[in-house]
file my_file22.cif (mmCIF, N, CA and C atoms)
data_target
#
loop_
_atom_site.label_atom_id
_atom_site.label_comp_id
_atom_site.auth_asym_id
_atom_site.auth_seq_id
_atom_site.Cartn_x
_atom_site.Cartn_y
_atom_site.Cartn_z
N MET Y 3 -7.42 17.57 -7.04
CA MET Y 3 -7.70 16.64 -5.95
C MET Y 3 -6.39 16.40 -5.21
N THR Y 4 -6.44 16.49 -3.88
CA THR Y 4 -5.24 16.26 -3.08
C THR Y 4 -5.32 14.99 -2.26
N SER Y 5 -6.51 14.43 -2.14
CA SER Y 5 -6.64 13.17 -1.40
C SER Y 5 -7.80 12.35 -1.94
N LEU Y 6 -7.68 11.07 -1.75
CA LEU Y 6 -8.74 10.14 -2.10
C LEU Y 6 -9.39 9.77 -0.78
N GLY Y 7 -10.65 10.11 -0.62
CA GLY Y 7 -11.35 10.01 0.66
C GLY Y 7 -11.40 8.63 1.27
N ASN Y 8 -11.70 8.61 2.54
CA ASN Y 8 -11.78 7.37 3.30
C ASN Y 8 -12.83 6.42 2.73
N TYR Y 9 -12.46 5.17 2.59
CA TYR Y 9 -13.36 4.06 2.22
C TYR Y 9 -14.07 4.24 0.87
N VAL Y 10 -13.50 5.01 -0.04
CA VAL Y 10 -14.13 5.30 -1.33
C VAL Y 10 -14.48 4.03 -2.11
N PHE Y 11 -13.57 3.09 -2.17
CA PHE Y 11 -13.81 1.86 -2.94
C PHE Y 11 -13.91 0.63 -2.03
N HIS Y 12 -14.15 0.83 -0.77
CA HIS Y 12 -14.24 -0.27 0.21
C HIS Y 12 -15.21 -1.34 -0.28
N SER Y 13 -14.74 -2.59 -0.30
CA SER Y 13 -15.55 -3.76 -0.67
C SER Y 13 -16.11 -3.68 -2.10
N SER Y 14 -15.55 -2.87 -2.95
CA SER Y 14 -16.04 -2.76 -4.32
C SER Y 14 -15.50 -3.91 -5.17
N LYS Y 15 -15.91 -3.95 -6.41
CA LYS Y 15 -15.49 -5.00 -7.34
C LYS Y 15 -14.37 -4.51 -8.27
N VAL Y 16 -13.62 -3.52 -7.83
CA VAL Y 16 -12.51 -2.99 -8.62
C VAL Y 16 -11.49 -4.09 -8.87
N LYS Y 17 -11.10 -4.29 -10.14
CA LYS Y 17 -10.12 -5.30 -10.50
C LYS Y 17 -8.75 -4.70 -10.81
N SER Y 18 -8.74 -3.44 -11.23
CA SER Y 18 -7.49 -2.81 -11.63
C SER Y 18 -7.47 -1.37 -11.13
N LEU Y 19 -6.31 -0.95 -10.65
CA LEU Y 19 -6.13 0.41 -10.16
C LEU Y 19 -4.94 1.03 -10.86
N THR Y 20 -5.14 2.20 -11.47
CA THR Y 20 -4.06 2.95 -12.10
C THR Y 20 -4.14 4.39 -11.65
N VAL Y 21 -3.06 4.87 -11.04
CA VAL Y 21 -2.92 6.28 -10.72
C VAL Y 21 -1.72 6.76 -11.53
N GLU Y 22 -1.98 7.59 -12.52
CA GLU Y 22 -0.94 8.05 -13.44
C GLU Y 22 0.13 8.87 -12.74
N ASP Y 23 1.32 8.92 -13.33
CA ASP Y 23 2.39 9.77 -12.83
C ASP Y 23 1.95 11.23 -12.82
N GLY Y 24 2.44 11.98 -11.83
CA GLY Y 24 2.18 13.41 -11.78
C GLY Y 24 0.93 13.81 -11.02
N ILE Y 25 0.17 12.84 -10.54
CA ILE Y 25 -1.02 13.15 -9.75
C ILE Y 25 -0.60 13.17 -8.28
N ASN Y 26 -0.57 14.37 -7.70
CA ASN Y 26 -0.17 14.53 -6.30
C ASN Y 26 -1.37 14.26 -5.41
N ILE Y 27 -1.33 13.13 -4.72
CA ILE Y 27 -2.50 12.70 -3.96
C ILE Y 27 -2.06 11.85 -2.77
N ALA Y 28 -2.86 11.89 -1.73
CA ALA Y 28 -2.67 11.02 -0.57
C ALA Y 28 -3.91 10.13 -0.47
N PHE Y 29 -3.70 8.86 -0.18
CA PHE Y 29 -4.83 7.94 -0.01
C PHE Y 29 -5.31 8.01 1.43
N GLY Y 30 -6.61 8.16 1.62
CA GLY Y 30 -7.20 8.17 2.95
C GLY Y 30 -7.29 6.77 3.53
N THR Y 31 -7.97 6.64 4.63
CA THR Y 31 -8.14 5.37 5.33
C THR Y 31 -9.04 4.41 4.54
N GLY Y 32 -8.60 3.16 4.41
CA GLY Y 32 -9.42 2.09 3.86
C GLY Y 32 -9.90 2.27 2.44
N VAL Y 33 -9.20 3.05 1.64
CA VAL Y 33 -9.67 3.38 0.28
C VAL Y 33 -9.99 2.13 -0.54
N PHE Y 34 -9.13 1.11 -0.50
CA PHE Y 34 -9.35 -0.12 -1.27
C PHE Y 34 -9.51 -1.33 -0.34
N GLN Y 35 -9.86 -1.07 0.88
CA GLN Y 35 -10.02 -2.15 1.86
C GLN Y 35 -11.07 -3.15 1.38
N SER Y 36 -10.73 -4.42 1.49
CA SER Y 36 -11.64 -5.53 1.15
C SER Y 36 -12.07 -5.55 -0.31
N THR Y 37 -11.26 -5.02 -1.22
CA THR Y 37 -11.54 -5.15 -2.65
C THR Y 37 -10.95 -6.50 -3.09
N LYS Y 38 -11.72 -7.53 -2.93
CA LYS Y 38 -11.24 -8.90 -3.08
C LYS Y 38 -11.02 -9.35 -4.52
N GLN Y 39 -11.35 -8.51 -5.49
CA GLN Y 39 -11.11 -8.85 -6.89
C GLN Y 39 -9.93 -8.08 -7.48
N LEU Y 40 -9.25 -7.27 -6.65
CA LEU Y 40 -8.14 -6.45 -7.12
C LEU Y 40 -6.99 -7.32 -7.61
N GLU Y 41 -6.65 -7.18 -8.90
CA GLU Y 41 -5.60 -8.00 -9.53
C GLU Y 41 -4.36 -7.21 -9.88
N THR Y 42 -4.53 -5.97 -10.36
CA THR Y 42 -3.39 -5.17 -10.77
C THR Y 42 -3.45 -3.79 -10.14
N VAL Y 43 -2.27 -3.30 -9.74
CA VAL Y 43 -2.16 -1.98 -9.12
C VAL Y 43 -0.99 -1.25 -9.75
N TYR Y 44 -1.24 -0.05 -10.28
CA TYR Y 44 -0.16 0.82 -10.72
C TYR Y 44 -0.30 2.13 -9.98
N LEU Y 45 0.70 2.45 -9.17
CA LEU Y 45 0.71 3.70 -8.42
C LEU Y 45 1.81 4.58 -9.00
N GLY Y 46 1.44 5.69 -9.60
CA GLY Y 46 2.40 6.57 -10.26
C GLY Y 46 3.10 7.51 -9.30
N GLU Y 47 4.18 8.11 -9.80
CA GLU Y 47 4.91 9.11 -9.03
C GLU Y 47 4.00 10.31 -8.76
N GLY Y 48 4.00 10.76 -7.53
CA GLY Y 48 3.16 11.89 -7.12
C GLY Y 48 2.36 11.55 -5.88
N ILE Y 49 2.10 10.27 -5.67
CA ILE Y 49 1.39 9.85 -4.46
C ILE Y 49 2.30 10.12 -3.27
N THR Y 50 1.76 10.77 -2.24
CA THR Y 50 2.58 11.15 -1.09
C THR Y 50 2.38 10.27 0.12
N GLU Y 51 1.20 9.68 0.24
CA GLU Y 51 0.91 8.85 1.42
C GLU Y 51 -0.05 7.73 1.05
N ILE Y 52 0.23 6.55 1.59
CA ILE Y 52 -0.69 5.43 1.50
C ILE Y 52 -1.22 5.26 2.92
N GLY Y 53 -2.47 5.66 3.13
CA GLY Y 53 -3.05 5.79 4.46
C GLY Y 53 -3.35 4.48 5.17
N ASN Y 54 -3.86 4.61 6.38
CA ASN Y 54 -4.21 3.46 7.20
C ASN Y 54 -5.19 2.54 6.47
N ASP Y 55 -4.90 1.27 6.50
CA ASP Y 55 -5.79 0.22 5.95
C ASP Y 55 -6.13 0.40 4.47
N THR Y 56 -5.32 1.13 3.71
CA THR Y 56 -5.62 1.39 2.31
C THR Y 56 -5.89 0.10 1.53
N PHE Y 57 -5.03 -0.90 1.67
CA PHE Y 57 -5.21 -2.16 0.95
C PHE Y 57 -5.50 -3.32 1.90
N ALA Y 58 -5.97 -3.05 3.09
CA ALA Y 58 -6.25 -4.11 4.07
C ALA Y 58 -7.31 -5.07 3.52
N GLY Y 59 -6.99 -6.34 3.53
CA GLY Y 59 -7.93 -7.35 3.05
C GLY Y 59 -8.16 -7.34 1.55
N ALA Y 60 -7.34 -6.61 0.82
CA ALA Y 60 -7.51 -6.51 -0.64
C ALA Y 60 -6.70 -7.57 -1.37
N GLY Y 61 -7.11 -7.83 -2.60
CA GLY Y 61 -6.36 -8.72 -3.46
C GLY Y 61 -7.17 -9.91 -3.92
N ALA Y 62 -6.99 -10.25 -5.19
CA ALA Y 62 -7.66 -11.41 -5.78
C ALA Y 62 -7.00 -12.69 -5.28
N SER Y 63 -7.64 -13.80 -5.49
CA SER Y 63 -7.11 -15.09 -5.03
C SER Y 63 -5.78 -15.42 -5.69
N THR Y 64 -5.51 -14.83 -6.85
CA THR Y 64 -4.23 -15.05 -7.54
C THR Y 64 -3.11 -14.20 -6.98
N GLY Y 65 -3.44 -13.25 -6.10
CA GLY Y 65 -2.45 -12.38 -5.49
C GLY Y 65 -2.31 -11.06 -6.23
N VAL Y 66 -1.67 -10.11 -5.58
CA VAL Y 66 -1.46 -8.80 -6.17
C VAL Y 66 -0.09 -8.28 -5.72
N VAL Y 67 0.60 -7.59 -6.63
CA VAL Y 67 1.90 -6.99 -6.36
C VAL Y 67 1.70 -5.48 -6.35
N ILE Y 68 2.30 -4.80 -5.37
CA ILE Y 68 2.18 -3.35 -5.28
C ILE Y 68 3.57 -2.73 -5.32
N ASN Y 69 3.77 -1.84 -6.28
CA ASN Y 69 5.01 -1.07 -6.40
C ASN Y 69 4.77 0.29 -5.77
N VAL Y 70 5.51 0.59 -4.73
CA VAL Y 70 5.36 1.86 -4.03
C VAL Y 70 6.21 2.91 -4.75
N PRO Y 71 5.58 3.98 -5.24
CA PRO Y 71 6.36 5.01 -5.95
C PRO Y 71 7.34 5.73 -5.02
N ASP Y 72 8.41 6.25 -5.60
CA ASP Y 72 9.43 6.96 -4.83
C ASP Y 72 8.88 8.18 -4.11
N SER Y 73 7.79 8.76 -4.60
CA SER Y 73 7.23 9.97 -4.02
C SER Y 73 6.53 9.74 -2.68
N VAL Y 74 6.21 8.50 -2.34
CA VAL Y 74 5.50 8.20 -1.09
C VAL Y 74 6.44 8.43 0.09
N ARG Y 75 5.96 9.21 1.06
CA ARG Y 75 6.74 9.51 2.27
C ARG Y 75 6.25 8.74 3.48
N LYS Y 76 4.98 8.30 3.46
CA LYS Y 76 4.44 7.60 4.63
C LYS Y 76 3.54 6.44 4.21
N LEU Y 77 3.72 5.32 4.93
CA LEU Y 77 2.83 4.17 4.81
C LEU Y 77 2.09 4.07 6.14
N GLY Y 78 0.77 4.16 6.10
CA GLY Y 78 -0.04 4.16 7.31
C GLY Y 78 -0.22 2.78 7.91
N SER Y 79 -0.75 2.78 9.11
CA SER Y 79 -0.98 1.55 9.86
C SER Y 79 -1.92 0.61 9.09
N GLY Y 80 -1.50 -0.63 8.95
CA GLY Y 80 -2.33 -1.63 8.28
C GLY Y 80 -2.49 -1.42 6.79
N ALA Y 81 -1.68 -0.56 6.18
CA ALA Y 81 -1.83 -0.23 4.76
C ALA Y 81 -1.83 -1.45 3.86
N PHE Y 82 -1.04 -2.47 4.21
CA PHE Y 82 -0.92 -3.66 3.37
C PHE Y 82 -1.28 -4.94 4.13
N THR Y 83 -2.18 -4.85 5.07
CA THR Y 83 -2.59 -6.00 5.86
C THR Y 83 -3.50 -6.90 5.02
N SER Y 84 -2.90 -7.82 4.31
CA SER Y 84 -3.66 -8.73 3.45
C SER Y 84 -2.81 -9.95 3.10
N GLU Y 85 -3.42 -11.11 3.18
CA GLU Y 85 -2.74 -12.35 2.78
C GLU Y 85 -2.57 -12.44 1.28
N LYS Y 86 -3.33 -11.66 0.53
CA LYS Y 86 -3.33 -11.74 -0.94
C LYS Y 86 -2.28 -10.85 -1.59
N ILE Y 87 -1.68 -9.95 -0.82
CA ILE Y 87 -0.59 -9.14 -1.36
C ILE Y 87 0.66 -9.99 -1.30
N THR Y 88 1.20 -10.32 -2.46
CA THR Y 88 2.34 -11.24 -2.52
C THR Y 88 3.69 -10.53 -2.56
N ALA Y 89 3.70 -9.25 -2.95
CA ALA Y 89 4.96 -8.51 -2.98
C ALA Y 89 4.66 -7.02 -2.89
N ILE Y 90 5.55 -6.33 -2.18
CA ILE Y 90 5.52 -4.88 -2.12
C ILE Y 90 6.92 -4.43 -2.50
N ASN Y 91 7.03 -3.71 -3.59
CA ASN Y 91 8.34 -3.28 -4.09
C ASN Y 91 8.58 -1.82 -3.74
N ILE Y 92 9.66 -1.57 -3.01
CA ILE Y 92 10.07 -0.22 -2.64
C ILE Y 92 11.50 -0.04 -3.15
N ASN Y 93 11.73 0.99 -3.96
CA ASN Y 93 13.05 1.25 -4.54
C ASN Y 93 14.02 1.82 -3.52
N GLU Y 94 15.28 1.61 -3.75
CA GLU Y 94 16.30 2.20 -2.88
C GLU Y 94 16.34 3.72 -3.03
N THR Y 95 15.77 4.27 -4.10
CA THR Y 95 15.71 5.72 -4.31
C THR Y 95 14.45 6.35 -3.71
N SER Y 96 13.70 5.57 -2.97
CA SER Y 96 12.44 6.02 -2.37
C SER Y 96 12.64 7.16 -1.39
N ASN Y 97 11.64 8.03 -1.29
CA ASN Y 97 11.61 9.12 -0.31
C ASN Y 97 10.87 8.71 0.96
N LEU Y 98 10.58 7.44 1.10
CA LEU Y 98 9.83 6.93 2.24
C LEU Y 98 10.56 7.24 3.54
N GLU Y 99 9.82 7.82 4.50
CA GLU Y 99 10.39 8.19 5.80
C GLU Y 99 9.72 7.48 6.96
N THR Y 100 8.41 7.23 6.85
CA THR Y 100 7.65 6.67 7.97
C THR Y 100 6.87 5.43 7.54
N ILE Y 101 7.08 4.36 8.29
CA ILE Y 101 6.32 3.12 8.07
C ILE Y 101 5.65 2.81 9.41
N ASP Y 102 4.34 2.99 9.47
CA ASP Y 102 3.61 2.87 10.73
C ASP Y 102 2.79 1.58 10.76
N ASN Y 103 3.41 0.47 11.14
CA ASN Y 103 2.70 -0.80 11.27
C ASN Y 103 2.00 -1.21 9.97
N ALA Y 104 2.60 -0.88 8.85
CA ALA Y 104 1.97 -1.08 7.54
C ALA Y 104 1.85 -2.53 7.12
N PHE Y 105 2.69 -3.42 7.66
CA PHE Y 105 2.74 -4.79 7.14
C PHE Y 105 2.24 -5.85 8.11
N SER Y 106 1.62 -5.47 9.19
CA SER Y 106 1.16 -6.47 10.14
C SER Y 106 0.14 -7.39 9.47
N GLN Y 107 0.23 -8.66 9.74
CA GLN Y 107 -0.64 -9.71 9.18
C GLN Y 107 -0.53 -9.84 7.67
N SER Y 108 0.58 -9.40 7.10
CA SER Y 108 0.80 -9.51 5.65
C SER Y 108 1.51 -10.83 5.37
N LYS Y 109 0.80 -11.91 5.48
CA LYS Y 109 1.37 -13.25 5.42
C LYS Y 109 1.86 -13.66 4.03
N GLY Y 110 1.43 -12.98 2.99
CA GLY Y 110 1.82 -13.35 1.63
C GLY Y 110 3.14 -12.79 1.18
N ILE Y 111 3.66 -11.79 1.89
CA ILE Y 111 4.92 -11.15 1.50
C ILE Y 111 6.08 -12.00 1.97
N THR Y 112 6.98 -12.33 1.05
CA THR Y 112 8.12 -13.17 1.41
C THR Y 112 9.43 -12.39 1.50
N SER Y 113 9.50 -11.19 0.92
CA SER Y 113 10.69 -10.36 1.06
C SER Y 113 10.29 -8.90 0.91
N LEU Y 114 11.11 -8.03 1.50
CA LEU Y 114 10.80 -6.61 1.49
C LEU Y 114 12.09 -5.83 1.65
N TYR Y 115 12.28 -4.81 0.84
CA TYR Y 115 13.45 -3.93 0.94
C TYR Y 115 13.02 -2.64 1.61
N LEU Y 116 13.75 -2.22 2.63
CA LEU Y 116 13.49 -0.95 3.29
C LEU Y 116 14.62 0.01 2.95
N PRO Y 117 14.30 1.14 2.32
CA PRO Y 117 15.34 2.08 1.91
C PRO Y 117 16.00 2.76 3.11
N THR Y 118 17.19 3.26 2.89
CA THR Y 118 17.98 3.85 3.97
C THR Y 118 17.38 5.13 4.54
N GLY Y 119 16.52 5.80 3.81
CA GLY Y 119 15.93 7.06 4.27
C GLY Y 119 14.81 6.91 5.28
N VAL Y 120 14.38 5.68 5.55
CA VAL Y 120 13.30 5.46 6.51
C VAL Y 120 13.78 5.86 7.90
N LYS Y 121 13.00 6.73 8.57
CA LYS Y 121 13.38 7.25 9.88
C LYS Y 121 12.54 6.66 11.00
N ILE Y 122 11.29 6.32 10.71
CA ILE Y 122 10.38 5.81 11.74
C ILE Y 122 9.77 4.50 11.26
N ILE Y 123 9.94 3.47 12.08
CA ILE Y 123 9.34 2.17 11.78
C ILE Y 123 8.55 1.73 13.00
N GLY Y 124 7.22 1.65 12.85
CA GLY Y 124 6.36 1.17 13.93
C GLY Y 124 6.34 -0.35 13.93
N GLY Y 125 5.60 -0.99 14.83
CA GLY Y 125 5.55 -2.45 14.96
C GLY Y 125 5.00 -3.11 13.72
N ASN Y 126 5.81 -3.24 12.70
CA ASN Y 126 5.36 -3.56 11.36
C ASN Y 126 5.09 -5.01 11.01
N PHE Y 127 5.71 -5.94 11.65
CA PHE Y 127 5.64 -7.30 11.14
C PHE Y 127 4.93 -8.26 12.09
N ALA Y 128 4.05 -7.75 12.91
CA ALA Y 128 3.31 -8.60 13.84
C ALA Y 128 2.39 -9.55 13.07
N TYR Y 129 2.33 -10.77 13.49
CA TYR Y 129 1.45 -11.80 12.93
C TYR Y 129 1.70 -12.09 11.45
N CYS Y 130 2.95 -12.05 11.04
CA CYS Y 130 3.32 -12.38 9.66
C CYS Y 130 3.89 -13.80 9.57
N TYR Y 131 3.34 -14.70 10.27
CA TYR Y 131 3.85 -16.08 10.26
C TYR Y 131 2.99 -16.96 9.42
#

call {"tool": "encode", "arguments": {"input": "my_file22.cif", "output": "structure tokens"}}
result
Amino acid sequence: MTSLGNYVFHSSKVKSLTVEDGINIAFGTGVFQSTKQLETVYLGEGITEIGNDTFAGAGASTGVVINVPDSVRKLGSGAFTSEKITAININETSNLETIDNAFSQSKGITSLYLPTGVKIIGGNFAYCY
């Protein structure tokens, strides 16, 4: 498998997500959009892209933390647009190159590290007040 199709788990009751290390995959559009019970997320090394609206509107009322693996090269538009995402952790060793409006309306995030390898940053922080 090279990609997880668009809207596969949209509005589902998924509470936990684990993608093991070594699985080379790209997330399509809205894969976990509106999964309002999502509590834990583990994304292993091998994921190459977190697509548009992947986690838009996702997260349990207690919040969810997402660790972006170093293998991710692109964060799509609206990938983390959710008030319930409380932290997104990106390592300084990340291979991330493109961030395309990934954090707009992400009101729950209070801090974010952007690695030096990022080359393209779209209008990312609109409506984060």

call {"tool": "atom_distance", "arguments": {"input": "my_file22.cif", "atom1": "atom N of Ser13 (chain Y)", "atom2": "CA of Thr31 (chain Y)"}}
result
11.8 Å

call {"tool": "closest_residue", "arguments": {"input": "my_file22.cif", "among": "Y:Gly7, Y:Pro71, Y:Gly78, Y:Gly46", "to": "Gly30 (chain Y)", "atoms": "only C-alpha atoms"}}
result
Y:Gly7

call {"tool": "atom_distance", "arguments": {"input": "my_file22.cif", "atom1": "CA of Ile25 (chain Y)", "atom2": "CA of Ser96 (chain Y)"}}
result
16.9 Å

call {"tool": "resolve_selection", "arguments": {"input": "my_file22.cif", "expression": "the PyMOL selection byres ((chain Y and resi 69) around 8)", "output": "PyMOL selection string"}}
result
chain Y and resi 43-46+66-68+70-72+89-93

call {"tool": "write_last_selection", "arguments": {"input": "my_file22.cif", "atoms": "N, CA and C atoms", "output": "mmCIF file, keeping the file's coordinate frame"}}
result
data_model
loop_
_atom_site.group_PDB
_atom_site.id
_atom_site.type_symbol
_atom_site.label_atom_id
_atom_site.label_comp_id
_atom_site.auth_asym_id
_atom_site.auth_seq_id
_atom_site.Cartn_x
_atom_site.Cartn_y
_atom_site.Cartn_z
ATOM 1 N N VAL Y 43 -2.270 -3.300 -9.740
ATOM 2 C CA VAL Y 43 -2.160 -1.980 -9.120
ATOM 3 C C VAL Y 43 -0.990 -1.250 -9.750
ATOM 4 N N TYR Y 44 -1.240 -0.050 -10.280
ATOM 5 C CA TYR Y 44 -0.160 0.820 -10.720
ATOM 6 C C TYR Y 44 -0.300 2.130 -9.980
ATOM 7 N N LEU Y 45 0.700 2.450 -9.170
ATOM 8 C CA LEU Y 45 0.710 3.700 -8.420
ATOM 9 C C LEU Y 45 1.810 4.580 -9.000
ATOM 10 N N GLY Y 46 1.440 5.690 -9.600
ATOM 11 C CA GLY Y 46 2.400 6.570 -10.260
ATOM 12 C C GLY Y 46 3.100 7.510 -9.300
ATOM 13 N N VAL Y 66 -1.670 -10.110 -5.580
ATOM 14 C CA VAL Y 66 -1.460 -8.800 -6.170
ATOM 15 C C VAL Y 66 -0.090 -8.280 -5.720
ATOM 16 N N VAL Y 67 0.600 -7.590 -6.630
ATOM 17 C CA VAL Y 67 1.900 -6.990 -6.360
ATOM 18 C C VAL Y 67 1.700 -5.480 -6.350
ATOM 19 N N ILE Y 68 2.300 -4.800 -5.370
ATOM 20 C CA ILE Y 68 2.180 -3.350 -5.280
ATOM 21 C C ILE Y 68 3.570 -2.730 -5.320
ATOM 22 N N VAL Y 70 5.510 0.590 -4.730
ATOM 23 C CA VAL Y 70 5.360 1.860 -4.030
ATOM 24 C C VAL Y 70 6.210 2.910 -4.750
ATOM 25 N N PRO Y 71 5.580 3.980 -5.240
ATOM 26 C CA PRO Y 71 6.360 5.010 -5.950
ATOM 27 C C PRO Y 71 7.340 5.730 -5.020
ATOM 28 N N ASP Y 72 8.410 6.250 -5.600
ATOM 29 C CA ASP Y 72 9.430 6.960 -4.830
ATOM 30 C C ASP Y 72 8.880 8.180 -4.110
ATOM 31 N N ALA Y 89 3.700 -9.250 -2.950
ATOM 32 C CA ALA Y 89 4.960 -8.510 -2.980
ATOM 33 C C ALA Y 89 4.660 -7.020 -2.890
ATOM 34 N N ILE Y 90 5.550 -6.330 -2.180
ATOM 35 C CA ILE Y 90 5.520 -4.880 -2.120
ATOM 36 C C ILE Y 90 6.920 -4.430 -2.500
ATOM 37 N N ASN Y 91 7.030 -3.710 -3.590
ATOM 38 C CA ASN Y 91 8.340 -3.280 -4.090
ATOM 39 C C ASN Y 91 8.580 -1.820 -3.740
ATOM 40 N N ILE Y 92 9.660 -1.570 -3.010
ATOM 41 C CA ILE Y 92 10.070 -0.220 -2.640
ATOM 42 C C ILE Y 92 11.500 -0.040 -3.150
ATOM 43 N N ASN Y 93 11.730 0.990 -3.960
ATOM 44 C CA ASN Y 93 13.050 1.250 -4.540
ATOM 45 C C ASN Y 93 14.020 1.820 -3.520
#

call {"tool": "select_by_dssp", "arguments": {"input": "my_file22.cif", "residues": "region 25-115 of chain Y", "states": "strand (DSSP E)", "output": "list of chain:residue names"}}
result
Y:Ile27, Y:Ala28, Y:Phe29, Y:Thr42, Y:Val43, Y:Tyr44, Y:Leu45, Y:Ile49, Y:Thr50, Y:Glu51, Y:Ile52, Y:Val66, Y:Val67, Y:Ile68, Y:Asn69, Y:Val70, Y:Lys76, Y:Leu77, Y:Ile87, Y:Thr88, Y:Ala89, Y:Ile90, Y:Asn91, Y:Ile92, Y:Thr100, Y:Ile101

call {"tool": "write_last_selection", "arguments": {"input": "my_file22.cif", "atoms": "N, CA and C atoms", "output": "mmCIF file, keeping the file's coordinate frame"}}
result
data_model
loop_
_atom_site.group_PDB
_atom_site.id
_atom_site.type_symbol
_atom_site.label_atom_id
_atom_site.label_comp_id
_atom_site.auth_asym_id
_atom_site.auth_seq_id
_atom_site.Cartn_x
_atom_site.Cartn_y
_atom_site.Cartn_z
ATOM 1 N N ILE Y 27 -1.330 13.130 -4.720
ATOM 2 C CA ILE Y 27 -2.500 12.700 -3.960
ATOM 3 C C ILE Y 27 -2.060 11.850 -2.770
ATOM 4 N N ALA Y 28 -2.860 11.890 -1.730
ATOM 5 C CA ALA Y 28 -2.670 11.020 -0.570
ATOM 6 C C ALA Y 28 -3.910 10.130 -0.470
ATOM 7 N N PHE Y 29 -3.700 8.860 -0.180
ATOM 8 C CA PHE Y 29 -4.830 7.940 -0.010
ATOM 9 C C PHE Y 29 -5.310 8.010 1.430
ATOM 10 N N THR Y 42 -4.530 -5.970 -10.360
ATOM 11 C CA THR Y 42 -3.390 -5.170 -10.770
ATOM 12 C C THR Y 42 -3.450 -3.790 -10.140
ATOM 13 N N VAL Y 43 -2.270 -3.300 -9.740
ATOM 14 C CA VAL Y 43 -2.160 -1.980 -9.120
ATOM 15 C C VAL Y 43 -0.990 -1.250 -9.750
ATOM 16 N N TYR Y 44 -1.240 -0.050 -10.280
ATOM 17 C CA TYR Y 44 -0.160 0.820 -10.720
ATOM 18 C C TYR Y 44 -0.300 2.130 -9.980
ATOM 19 N N LEU Y 45 0.700 2.450 -9.170
ATOM 20 C CA LEU Y 45 0.710 3.700 -8.420
ATOM 21 C C LEU Y 45 1.810 4.580 -9.000
ATOM 22 N N ILE Y 49 2.100 10.270 -5.670
ATOM 23 C CA ILE Y 49 1.390 9.850 -4.460
ATOM 24 C C ILE Y 49 2.300 10.120 -3.270
ATOM 25 N N THR Y 50 1.760 10.770 -2.240
ATOM 26 C CA THR Y 50 2.580 11.150 -1.090
ATOM 27 C C THR Y 50 2.380 10.270 0.120
ATOM 28 N N GLU Y 51 1.200 9.680 0.240
ATOM 29 C CA GLU Y 51 0.910 8.850 1.420
ATOM 30 C C GLU Y 51 -0.050 7.730 1.050
ATOM 31 N N ILE Y 52 0.230 6.550 1.590
ATOM 32 C CA ILE Y 52 -0.690 5.430 1.500
ATOM 33 C C ILE Y 52 -1.220 5.260 2.920
ATOM 34 N N VAL Y 66 -1.670 -10.110 -5.580
ATOM 35 C CA VAL Y 66 -1.460 -8.800 -6.170
ATOM 36 C C VAL Y 66 -0.090 -8.280 -5.720
ATOM 37 N N VAL Y 67 0.600 -7.590 -6.630
ATOM 38 C CA VAL Y 67 1.900 -6.990 -6.360
ATOM 39 C C VAL Y 67 1.700 -5.480 -6.350
ATOM 40 N N ILE Y 68 2.300 -4.800 -5.370
ATOM 41 C CA ILE Y 68 2.180 -3.350 -5.280
ATOM 42 C C ILE Y 68 3.570 -2.730 -5.320
ATOM 43 N N ASN Y 69 3.770 -1.840 -6.280
ATOM 44 C CA ASN Y 69 5.010 -1.070 -6.400
ATOM 45 C C ASN Y 69 4.770 0.290 -5.770
ATOM 46 N N VAL Y 70 5.510 0.590 -4.730
ATOM 47 C CA VAL Y 70 5.360 1.860 -4.030
ATOM 48 C C VAL Y 70 6.210 2.910 -4.750
ATOM 49 N N LYS Y 76 4.980 8.300 3.460
ATOM 50 C CA LYS Y 76 4.440 7.600 4.630
ATOM 51 C C LYS Y 76 3.540 6.440 4.210
ATOM 52 N N LEU Y 77 3.720 5.320 4.930
ATOM 53 C CA LEU Y 77 2.830 4.170 4.810
ATOM 54 C C LEU Y 77 2.090 4.070 6.140
ATOM 55 N N ILE Y 87 -1.680 -9.950 -0.820
ATOM 56 C CA ILE Y 87 -0.590 -9.140 -1.360
ATOM 57 C C ILE Y 87 0.660 -9.990 -1.300
ATOM 58 N N THR Y 88 1.200 -10.320 -2.460
ATOM 59 C CA THR Y 88 2.340 -11.240 -2.520
ATOM 60 C C THR Y 88 3.690 -10.530 -2.560
ATOM 61 N N ALA Y 89 3.700 -9.250 -2.950
ATOM 62 C CA ALA Y 89 4.960 -8.510 -2.980
ATOM 63 C C ALA Y 89 4.660 -7.020 -2.890
ATOM 64 N N ILE Y 90 5.550 -6.330 -2.180
ATOM 65 C CA ILE Y 90 5.520 -4.880 -2.120
ATOM 66 C C ILE Y 90 6.920 -4.430 -2.500
ATOM 67 N N ASN Y 91 7.030 -3.710 -3.590
ATOM 68 C CA ASN Y 91 8.340 -3.280 -4.090
ATOM 69 C C ASN Y 91 8.580 -1.820 -3.740
ATOM 70 N N ILE Y 92 9.660 -1.570 -3.010
ATOM 71 C CA ILE Y 92 10.070 -0.220 -2.640
ATOM 72 C C ILE Y 92 11.500 -0.040 -3.150
ATOM 73 N N THR Y 100 8.410 7.230 6.850
ATOM 74 C CA THR Y 100 7.650 6.670 7.970
ATOM 75 C C THR Y 100 6.870 5.430 7.540
ATOM 76 N N ILE Y 101 7.080 4.360 8.290
ATOM 77 C CA ILE Y 101 6.320 3.120 8.070
ATOM 78 C C ILE Y 101 5.650 2.810 9.410
#

call {"tool": "closest_residue", "arguments": {"input": "my_file22.cif", "among": "Y:Ile87, Y:Ala58, Y:Leu6, Y:Ile27", "to": "Ile111 (chain Y)", "atoms": "only N, CA and C atoms"}}
result
Y:Ile87

call {"tool": "closest_residue", "arguments": {"input": "my_file22.cif", "among": "Y:Thr64, Y:Thr88, Y:Asn54, Y:Ser73", "to": "Leu114 (chain Y)", "atoms": "only C-alpha atoms"}}
result
Y:Thr88

call {"tool": "residues_around", "arguments": {"input": "my_file22.cif", "residues": "Gly59 (chain Y)", "least_positions_apart": "5", "cutoff": "5 Å", "atoms": "all atoms listed in the file", "output": "ChimeraX atom specification"}}
result
/Y:36-37,83-84
